[in-house]
Amino acid sequence: MTIIAEILSARKNSQLVALPPTATVRNALQLMADRDVGSVLLMEGDALMGIFTERDYARRIVLQGLSSIDTPLANVMTSRLYVVGPRQTVLECLSIMSQGRMRHLPVVEGGKVLGMVSVRDLVNAQLEEQHFLVKQLENYIAGYAVP
């Protein structure tokens, strides 16, 4: 079974996409667009304070008629977070995401944020694992085929 540490280690030069909670929604949207991601972690130093996602923007800014330019992220972030550890499996994380109705999970170990995984990361890892297993079964069957 694939674990989260394997997904994080497979990424080359992956940096955390993070801002302080004092940054504005506009800052977060620009960073998310620049990095082509759907969320940004909110951190004070090394401390994880929350997350801001595209869903937060739609529900807490657009629907409430707030301004992206001057609204601090601290006012609209999701502060009740689900986090996972690097040794958790892809299936465990997919279950957490499904139950919590979320698409992003911060990966934390010993109070330190190691990265973040998205539902896309997890689905891709699961598909790769299934593809590998199918190939192994095909090779096993082919090895016993009668010429």
# chains A, B, ... in the order shown; residues from 1 in each chain; ligands from 1
call {"tool": "residues_around", "arguments": {"residues": "Pro106 of chain A", "least_positions_apart": "4", "cutoff": "10 Å", "atoms": "only C-alpha atoms", "output": "PyMOL selection string"}}
result
chain A and resi 16+41+48+50-51+81-86+113-118
call {"tool": "residues_around", "arguments": {"residues": "Met102 of chain A", "least_positions_apart": "3", "cutoff": "10 Å", "atoms": "only C-alpha atoms", "output": "MDAnalysis selection string"}}
result
chainID A and resid 53 55 82 94 96:99 105 118:119
call {"tool": "closest_residue", "arguments": {"among": "A:Asp70, A:Glu129, A:Glu138, A:Asp121", "to": "Ile7 of chain A", "atoms": "only C-alpha atoms"}}
result
A:Asp121
call {"tool": "residues_around", "arguments": {"residues": "Arg35 of chain A", "least_positions_apart": "2", "cutoff": "12 Å", "atoms": "only C-alpha atoms", "output": "PDB file with N, CA, C and O atoms, in the first residue's frame"}}
result
ATOM      1  N   SER A  14       9.043  20.573  -4.452  1.00  0.00           N
ATOM      2  CA  SER A  14       7.717  20.976  -4.015  1.00  0.00           C
ATOM      3  C   SER A  14       7.825  21.868  -2.790  1.00  0.00           C
ATOM      4  O   SER A  14       8.404  21.482  -1.781  1.00  0.00           O
ATOM      5  N   GLN A  15       7.284  23.058  -2.896  1.00  0.00           N
ATOM      6  CA  GLN A  15       7.286  23.991  -1.775  1.00  0.00           C
ATOM      7  C   GLN A  15       5.877  24.127  -1.231  1.00  0.00           C
ATOM      8  O   GLN A  15       4.894  23.972  -1.968  1.00  0.00           O
ATOM      9  N   LEU A  16       5.792  24.420   0.046  1.00  0.00           N
ATOM     10  CA  LEU A  16       4.486  24.679   0.629  1.00  0.00           C
ATOM     11  C   LEU A  16       3.900  25.937   0.023  1.00  0.00           C
ATOM     12  O   LEU A  16       4.598  26.928  -0.183  1.00  0.00           O
ATOM     13  N   VAL A  17       2.624  25.889  -0.245  1.00  0.00           N
ATOM     14  CA  VAL A  17       1.904  27.075  -0.697  1.00  0.00           C
ATOM     15  C   VAL A  17       1.232  27.632   0.544  1.00  0.00           C
ATOM     16  O   VAL A  17       0.223  27.095   1.010  1.00  0.00           O
ATOM     17  N   ALA A  18       1.835  28.681   1.105  1.00  0.00           N
ATOM     18  CA  ALA A  18       1.383  29.179   2.402  1.00  0.00           C
ATOM     19  C   ALA A  18       1.466  30.694   2.468  1.00  0.00           C
ATOM     20  O   ALA A  18       2.299  31.315   1.802  1.00  0.00           O
ATOM     21  N   ALA A  28      -4.157  35.445  -1.527  1.00  0.00           N
ATOM     22  CA  ALA A  28      -4.313  33.990  -1.621  1.00  0.00           C
ATOM     23  C   ALA A  28      -4.746  33.580  -3.024  1.00  0.00           C
ATOM     24  O   ALA A  28      -4.207  32.613  -3.581  1.00  0.00           O
ATOM     25  N   LEU A  29      -5.697  34.286  -3.586  1.00  0.00           N
ATOM     26  CA  LEU A  29      -6.171  33.952  -4.931  1.00  0.00           C
ATOM     27  C   LEU A  29      -5.051  34.080  -5.958  1.00  0.00           C
ATOM     28  O   LEU A  29      -4.920  33.235  -6.851  1.00  0.00           O
ATOM     29  N   GLN A  30      -4.231  35.118  -5.819  1.00  0.00           N
ATOM     30  CA  GLN A  30      -3.122  35.299  -6.751  1.00  0.00           C
ATOM     31  C   GLN A  30      -2.102  34.171  -6.618  1.00  0.00           C
ATOM     32  O   GLN A  30      -1.628  33.621  -7.611  1.00  0.00           O
ATOM     33  N   LEU A  31      -1.781  33.810  -5.381  1.00  0.00           N
ATOM     34  CA  LEU A  31      -0.826  32.729  -5.147  1.00  0.00           C
ATOM     35  C   LEU A  31      -1.368  31.398  -5.675  1.00  0.00           C
ATOM     36  O   LEU A  31      -0.645  30.625  -6.305  1.00  0.00           O
ATOM     37  N   MET A  32      -2.634  31.150  -5.439  1.00  0.00           N
ATOM     38  CA  MET A  32      -3.244  29.918  -5.923  1.00  0.00           C
ATOM     39  C   MET A  32      -3.234  29.873  -7.450  1.00  0.00           C
ATOM     40  O   MET A  32      -2.958  28.822  -8.043  1.00  0.00           O
ATOM     41  N   ALA A  33      -3.494  30.997  -8.091  1.00  0.00           N
ATOM     42  CA  ALA A  33      -3.455  31.050  -9.559  1.00  0.00           C
ATOM     43  C   ALA A  33      -2.030  30.867 -10.068  1.00  0.00           C
ATOM     44  O   ALA A  33      -1.799  30.118 -11.028  1.00  0.00           O
ATOM     45  N   VAL A  37      -2.998  25.813  -7.943  1.00  0.00           N
ATOM     46  CA  VAL A  37      -3.487  24.958  -6.866  1.00  0.00           C
ATOM     47  C   VAL A  37      -4.842  25.470  -6.389  1.00  0.00           C
ATOM     48  O   VAL A  37      -5.219  26.606  -6.668  1.00  0.00           O
ATOM     49  N   GLY A  38      -5.545  24.642  -5.638  1.00  0.00           N
ATOM     50  CA  GLY A  38      -6.873  25.000  -5.173  1.00  0.00           C
ATOM     51  C   GLY A  38      -6.959  25.409  -3.718  1.00  0.00           C
ATOM     52  O   GLY A  38      -8.052  25.633  -3.212  1.00  0.00           O
ATOM     53  N   SER A  39      -5.793  25.510  -3.057  1.00  0.00           N
ATOM     54  CA  SER A  39      -5.823  25.902  -1.649  1.00  0.00           C
ATOM     55  C   SER A  39      -4.473  26.465  -1.231  1.00  0.00           C
ATOM     56  O   SER A  39      -3.464  26.249  -1.899  1.00  0.00           O
ATOM     57  N   VAL A  40      -4.501  27.163  -0.111  1.00  0.00           N
ATOM     58  CA  VAL A  40      -3.280  27.707   0.469  1.00  0.00           C
ATOM     59  C   VAL A  40      -3.341  27.478   1.980  1.00  0.00           C
ATOM     60  O   VAL A  40      -4.399  27.631   2.594  1.00  0.00           O
TER      61      VAL A  40
END
call {"tool": "atom_distance", "arguments": {"atom1": "atom CA of Tyr57 of chain A", "atom2": "atom CA of Asn124 of chain A"}}
result
26.0 Å
call {"tool": "closest_residue", "arguments": {"among": "A:Glu44, A:Asp56, A:Glu6, A:Asp36", "to": "Val76 of chain A", "atoms": "only C-alpha atoms"}}
result
A:Asp56
call {"tool": "select_by_dssp", "arguments": {"residues": "segment 69-140 of chain A", "states": "strand (DSSP E or B)", "output": "count of residues only"}}
result
17
call {"tool": "closest_residue", "arguments": {"among": "A:Gln130, A:Ser9, A:Gln88, A:Thr71", "to": "Thr22 of chain A", "atoms": "only C-alpha atoms"}}
result
A:Thr71
call {"tool": "select_by_dssp", "arguments": {"residues": "segment 2-130 of chain A", "states": "helix (DSSP H, G or I)", "output": "VMD selection string"}}
result
chain A and resid 4 to 10 25 to 35 54 to 62 73 to 75 90 to 100 119 to 130
call {"tool": "residues_around", "arguments": {"residues": "Gln126 of chain A", "least_positions_apart": "4", "cutoff": "10 Å", "atoms": "only C-alpha atoms", "output": "PyMOL selection string"}}
result
chain A and resi 1-2+89-91+94+120-122+130-132
call {"tool": "write_last_selection", "arguments": {"atoms": "N, CA, C and O atoms", "output": "PDB file, in the first residue's frame"}}
result
ATOM      1  N   MET A   1       0.832  -1.191   0.000  1.00  0.00           N
ATOM      2  CA  MET A   1       0.000   0.000   0.000  1.00  0.00           C
ATOM      3  C   MET A   1       0.873   1.249   0.000  1.00  0.00           C
ATOM      4  O   MET A   1       1.849   1.324   0.725  1.00  0.00           O
ATOM      5  N   THR A   2       0.474   2.193  -0.792  1.00  0.00           N
ATOM      6  CA  THR A   2       1.203   3.454  -0.882  1.00  0.00           C
ATOM      7  C   THR A   2       0.916   4.302   0.353  1.00  0.00           C
ATOM      8  O   THR A   2      -0.224   4.400   0.799  1.00  0.00           O
ATOM      9  N   THR A  89      -1.916   5.618   4.905  1.00  0.00           N
ATOM     10  CA  THR A  89      -2.053   5.096   3.550  1.00  0.00           C
ATOM     11  C   THR A  89      -2.963   5.996   2.716  1.00  0.00           C
ATOM     12  O   THR A  89      -3.734   6.803   3.252  1.00  0.00           O
ATOM     13  N   VAL A  90      -2.857   5.809   1.415  1.00  0.00           N
ATOM     14  CA  VAL A  90      -3.706   6.542   0.486  1.00  0.00           C
ATOM     15  C   VAL A  90      -5.175   6.260   0.783  1.00  0.00           C
ATOM     16  O   VAL A  90      -5.995   7.178   0.824  1.00  0.00           O
ATOM     17  N   LEU A  91      -5.512   5.006   1.018  1.00  0.00           N
ATOM     18  CA  LEU A  91      -6.909   4.662   1.290  1.00  0.00           C
ATOM     19  C   LEU A  91      -7.421   5.297   2.579  1.00  0.00           C
ATOM     20  O   LEU A  91      -8.565   5.751   2.642  1.00  0.00           O
ATOM     21  N   LEU A  94      -8.060   8.939   1.661  1.00  0.00           N
ATOM     22  CA  LEU A  94      -9.258   9.075   0.832  1.00  0.00           C
ATOM     23  C   LEU A  94     -10.516   8.936   1.680  1.00  0.00           C
ATOM     24  O   LEU A  94     -11.502   9.659   1.474  1.00  0.00           O
ATOM     25  N   ARG A 120      -6.648  14.587  -5.942  1.00  0.00           N
ATOM     26  CA  ARG A 120      -6.034  14.188  -7.216  1.00  0.00           C
ATOM     27  C   ARG A 120      -4.749  13.394  -6.977  1.00  0.00           C
ATOM     28  O   ARG A 120      -4.514  12.372  -7.625  1.00  0.00           O
ATOM     29  N   ASP A 121      -3.919  13.860  -6.038  1.00  0.00           N
ATOM     30  CA  ASP A 121      -2.687  13.128  -5.703  1.00  0.00           C
ATOM     31  C   ASP A 121      -3.004  11.706  -5.266  1.00  0.00           C
ATOM     32  O   ASP A 121      -2.335  10.750  -5.669  1.00  0.00           O
ATOM     33  N   LEU A 122      -4.017  11.586  -4.423  1.00  0.00           N
ATOM     34  CA  LEU A 122      -4.356  10.287  -3.864  1.00  0.00           C
ATOM     35  C   LEU A 122      -4.971   9.354  -4.906  1.00  0.00           C
ATOM     36  O   LEU A 122      -4.645   8.166  -4.960  1.00  0.00           O
ATOM     37  N   GLN A 130      -2.851   0.237  -8.612  1.00  0.00           N
ATOM     38  CA  GLN A 130      -3.702  -0.759  -9.263  1.00  0.00           C
ATOM     39  C   GLN A 130      -3.106  -1.194 -10.600  1.00  0.00           C
ATOM     40  O   GLN A 130      -3.140  -2.378 -10.943  1.00  0.00           O
ATOM     41  N   HIS A 131      -2.553  -0.245 -11.344  1.00  0.00           N
ATOM     42  CA  HIS A 131      -1.908  -0.573 -12.622  1.00  0.00           C
ATOM     43  C   HIS A 131      -0.741  -1.539 -12.392  1.00  0.00           C
ATOM     44  O   HIS A 131      -0.570  -2.516 -13.127  1.00  0.00           O
ATOM     45  N   PHE A 132       0.055  -1.284 -11.367  1.00  0.00           N
ATOM     46  CA  PHE A 132       1.175  -2.155 -11.030  1.00  0.00           C
ATOM     47  C   PHE A 132       0.684  -3.568 -10.693  1.00  0.00           C
ATOM     48  O   PHE A 132       1.247  -4.558 -11.164  1.00  0.00           O
TER      49      PHE A 132
END
call {"tool": "closest_residue", "arguments": {"among": "A:Ile61, A:Phe52, A:Ser67, A:Ala10", "to": "Arg103 of chain A", "atoms": "only C-alpha atoms"}}
result
A:Phe52
call {"tool": "closest_residue", "arguments": {"among": "A:Arg101, A:Met49, A:Ala5, A:Glu54", "to": "Ser79 of chain A", "atoms": "only C-alpha atoms"}}
result
A:Met49
call {"tool": "decode", "arguments": {"residues": "segment 8-38 of chain A", "atoms": "N, CA, C and O atoms", "output": "mmCIF file, in the first residue's frame"}}
result
data_model
loop_
_atom_site.group_PDB
_atom_site.id
_atom_site.type_symbol
_atom_site.label_atom_id
_atom_site.label_comp_id
_atom_site.auth_asym_id
_atom_site.auth_seq_id
_atom_site.Cartn_x
_atom_site.Cartn_y
_atom_site.Cartn_z
ATOM 1 N N LEU A 8 4.794 12.460 -1.218
ATOM 2 C CA LEU A 8 5.544 13.693 -0.991
ATOM 3 C C LEU A 8 6.971 13.593 -1.520
ATOM 4 O O LEU A 8 7.496 14.541 -2.095
ATOM 5 N N SER A 9 7.612 12.437 -1.344
ATOM 6 C CA SER A 9 9.001 12.295 -1.784
ATOM 7 C C SER A 9 9.121 12.219 -3.305
ATOM 8 O O SER A 9 10.180 12.514 -3.857
ATOM 9 N N ALA A 10 8.041 11.838 -3.984
ATOM 10 C CA ALA A 10 8.068 11.750 -5.446
ATOM 11 C C ALA A 10 8.019 13.124 -6.102
ATOM 12 O O ALA A 10 8.370 13.277 -7.270
ATOM 13 N N ARG A 11 7.619 14.128 -5.358
ATOM 14 C CA ARG A 11 7.536 15.486 -5.898
ATOM 15 C C ARG A 11 8.919 16.113 -5.931
ATOM 16 O O ARG A 11 9.667 16.049 -4.971
ATOM 17 N N LYS A 12 9.227 16.756 -7.025
ATOM 18 C CA LYS A 12 10.511 17.443 -7.165
ATOM 19 C C LYS A 12 10.322 18.929 -6.813
ATOM 20 O O LYS A 12 9.424 19.589 -7.317
ATOM 21 N N ASN A 13 11.160 19.439 -5.938
ATOM 22 C CA ASN A 13 11.158 20.861 -5.581
ATOM 23 C C ASN A 13 9.774 21.371 -5.176
ATOM 24 O O ASN A 13 9.390 22.467 -5.537
ATOM 25 N N SER A 14 9.043 20.573 -4.452
ATOM 26 C CA SER A 14 7.717 20.976 -4.015
ATOM 27 C C SER A 14 7.825 21.868 -2.790
ATOM 28 O O SER A 14 8.404 21.482 -1.781
ATOM 29 N N GLN A 15 7.284 23.058 -2.896
ATOM 30 C CA GLN A 15 7.286 23.991 -1.775
ATOM 31 C C GLN A 15 5.877 24.127 -1.231
ATOM 32 O O GLN A 15 4.894 23.972 -1.968
ATOM 33 N N LEU A 16 5.792 24.420 0.046
ATOM 34 C CA LEU A 16 4.486 24.679 0.629
ATOM 35 C C LEU A 16 3.900 25.937 0.023
ATOM 36 O O LEU A 16 4.598 26.928 -0.183
ATOM 37 N N VAL A 17 2.624 25.889 -0.245
ATOM 38 C CA VAL A 17 1.904 27.075 -0.697
ATOM 39 C C VAL A 17 1.232 27.632 0.544
ATOM 40 O O VAL A 17 0.223 27.095 1.010
ATOM 41 N N ALA A 18 1.835 28.681 1.105
ATOM 42 C CA ALA A 18 1.383 29.179 2.402
ATOM 43 C C ALA A 18 1.466 30.694 2.468
ATOM 44 O O ALA A 18 2.299 31.315 1.802
ATOM 45 N N LEU A 19 0.602 31.239 3.288
ATOM 46 C CA LEU A 19 0.570 32.672 3.580
ATOM 47 C C LEU A 19 0.262 32.851 5.062
ATOM 48 O O LEU A 19 -0.308 31.955 5.694
ATOM 49 N N PRO A 20 0.571 34.024 5.605
ATOM 50 C CA PRO A 20 0.148 34.293 6.985
ATOM 51 C C PRO A 20 -1.346 34.633 7.006
ATOM 52 O O PRO A 20 -1.891 35.099 5.996
ATOM 53 N N PRO A 21 -2.023 34.404 8.119
ATOM 54 C CA PRO A 21 -3.454 34.714 8.213
ATOM 55 C C PRO A 21 -3.775 36.194 8.022
ATOM 56 O O PRO A 21 -4.914 36.551 7.746
ATOM 57 N N THR A 22 -2.763 37.043 8.133
ATOM 58 C CA THR A 22 -2.979 38.483 7.948
ATOM 59 C C THR A 22 -3.029 38.874 6.473
ATOM 60 O O THR A 22 -3.451 39.981 6.141
ATOM 61 N N ALA A 23 -2.608 37.987 5.584
ATOM 62 C CA ALA A 23 -2.672 38.273 4.143
ATOM 63 C C ALA A 23 -4.140 38.374 3.732
ATOM 64 O O ALA A 23 -5.035 37.892 4.422
ATOM 65 N N THR A 24 -4.370 38.992 2.589
ATOM 66 C CA THR A 24 -5.745 39.164 2.118
ATOM 67 C C THR A 24 -6.175 38.004 1.221
ATOM 68 O O THR A 24 -5.338 37.247 0.713
ATOM 69 N N VAL A 25 -7.467 37.928 1.037
ATOM 70 C CA VAL A 25 -8.027 36.918 0.138
ATOM 71 C C VAL A 25 -7.440 37.111 -1.257
ATOM 72 O O VAL A 25 -7.098 36.144 -1.938
ATOM 73 N N ARG A 26 -7.281 38.353 -1.677
ATOM 74 C CA ARG A 26 -6.685 38.641 -2.996
ATOM 75 C C ARG A 26 -5.287 38.047 -3.097
ATOM 76 O O ARG A 26 -4.932 37.461 -4.119
ATOM 77 N N ASN A 27 -4.480 38.180 -2.042
ATOM 78 C CA ASN A 27 -3.136 37.580 -2.031
ATOM 79 C C ASN A 27 -3.215 36.070 -2.218
ATOM 80 O O ASN A 27 -2.431 35.484 -2.966
ATOM 81 N N ALA A 28 -4.157 35.445 -1.527
ATOM 82 C CA ALA A 28 -4.313 33.990 -1.621
ATOM 83 C C ALA A 28 -4.746 33.580 -3.024
ATOM 84 O O ALA A 28 -4.207 32.613 -3.581
ATOM 85 N N LEU A 29 -5.697 34.286 -3.586
ATOM 86 C CA LEU A 29 -6.171 33.952 -4.931
ATOM 87 C C LEU A 29 -5.051 34.080 -5.958
ATOM 88 O O LEU A 29 -4.920 33.235 -6.851
ATOM 89 N N GLN A 30 -4.231 35.118 -5.819
ATOM 90 C CA GLN A 30 -3.122 35.299 -6.751
ATOM 91 C C GLN A 30 -2.102 34.171 -6.618
ATOM 92 O O GLN A 30 -1.628 33.621 -7.611
ATOM 93 N N LEU A 31 -1.781 33.810 -5.381
ATOM 94 C CA LEU A 31 -0.826 32.729 -5.147
ATOM 95 C C LEU A 31 -1.368 31.398 -5.675
ATOM 96 O O LEU A 31 -0.645 30.625 -6.305
ATOM 97 N N MET A 32 -2.634 31.150 -5.439
ATOM 98 C CA MET A 32 -3.244 29.918 -5.923
ATOM 99 C C MET A 32 -3.234 29.873 -7.450
ATOM 100 O O MET A 32 -2.958 28.822 -8.043
ATOM 101 N N ALA A 33 -3.494 30.997 -8.091
ATOM 102 C CA ALA A 33 -3.455 31.050 -9.559
ATOM 103 C C ALA A 33 -2.030 30.867 -10.068
ATOM 104 O O ALA A 33 -1.799 30.118 -11.028
ATOM 105 N N ASP A 34 -1.069 31.529 -9.421
ATOM 106 C CA ASP A 34 0.336 31.417 -9.839
ATOM 107 C C ASP A 34 0.846 29.988 -9.727
ATOM 108 O O ASP A 34 1.633 29.534 -10.553
ATOM 109 N N ARG A 35 0.439 29.282 -8.690
ATOM 110 C CA ARG A 35 0.925 27.915 -8.447
ATOM 111 C C ARG A 35 -0.007 26.845 -9.011
ATOM 112 O O ARG A 35 0.277 25.665 -8.910
ATOM 113 N N ASP A 36 -1.141 27.273 -9.556
ATOM 114 C CA ASP A 36 -2.136 26.361 -10.136
ATOM 115 C C ASP A 36 -2.588 25.315 -9.113
ATOM 116 O O ASP A 36 -2.552 24.114 -9.364
ATOM 117 N N VAL A 37 -2.998 25.813 -7.943
ATOM 118 C CA VAL A 37 -3.487 24.958 -6.866
ATOM 119 C C VAL A 37 -4.842 25.470 -6.389
ATOM 120 O O VAL A 37 -5.219 26.606 -6.668
ATOM 121 N N GLY A 38 -5.545 24.642 -5.638
ATOM 122 C CA GLY A 38 -6.873 25.000 -5.173
ATOM 123 C C GLY A 38 -6.959 25.409 -3.718
ATOM 124 O O GLY A 38 -8.052 25.633 -3.212
#
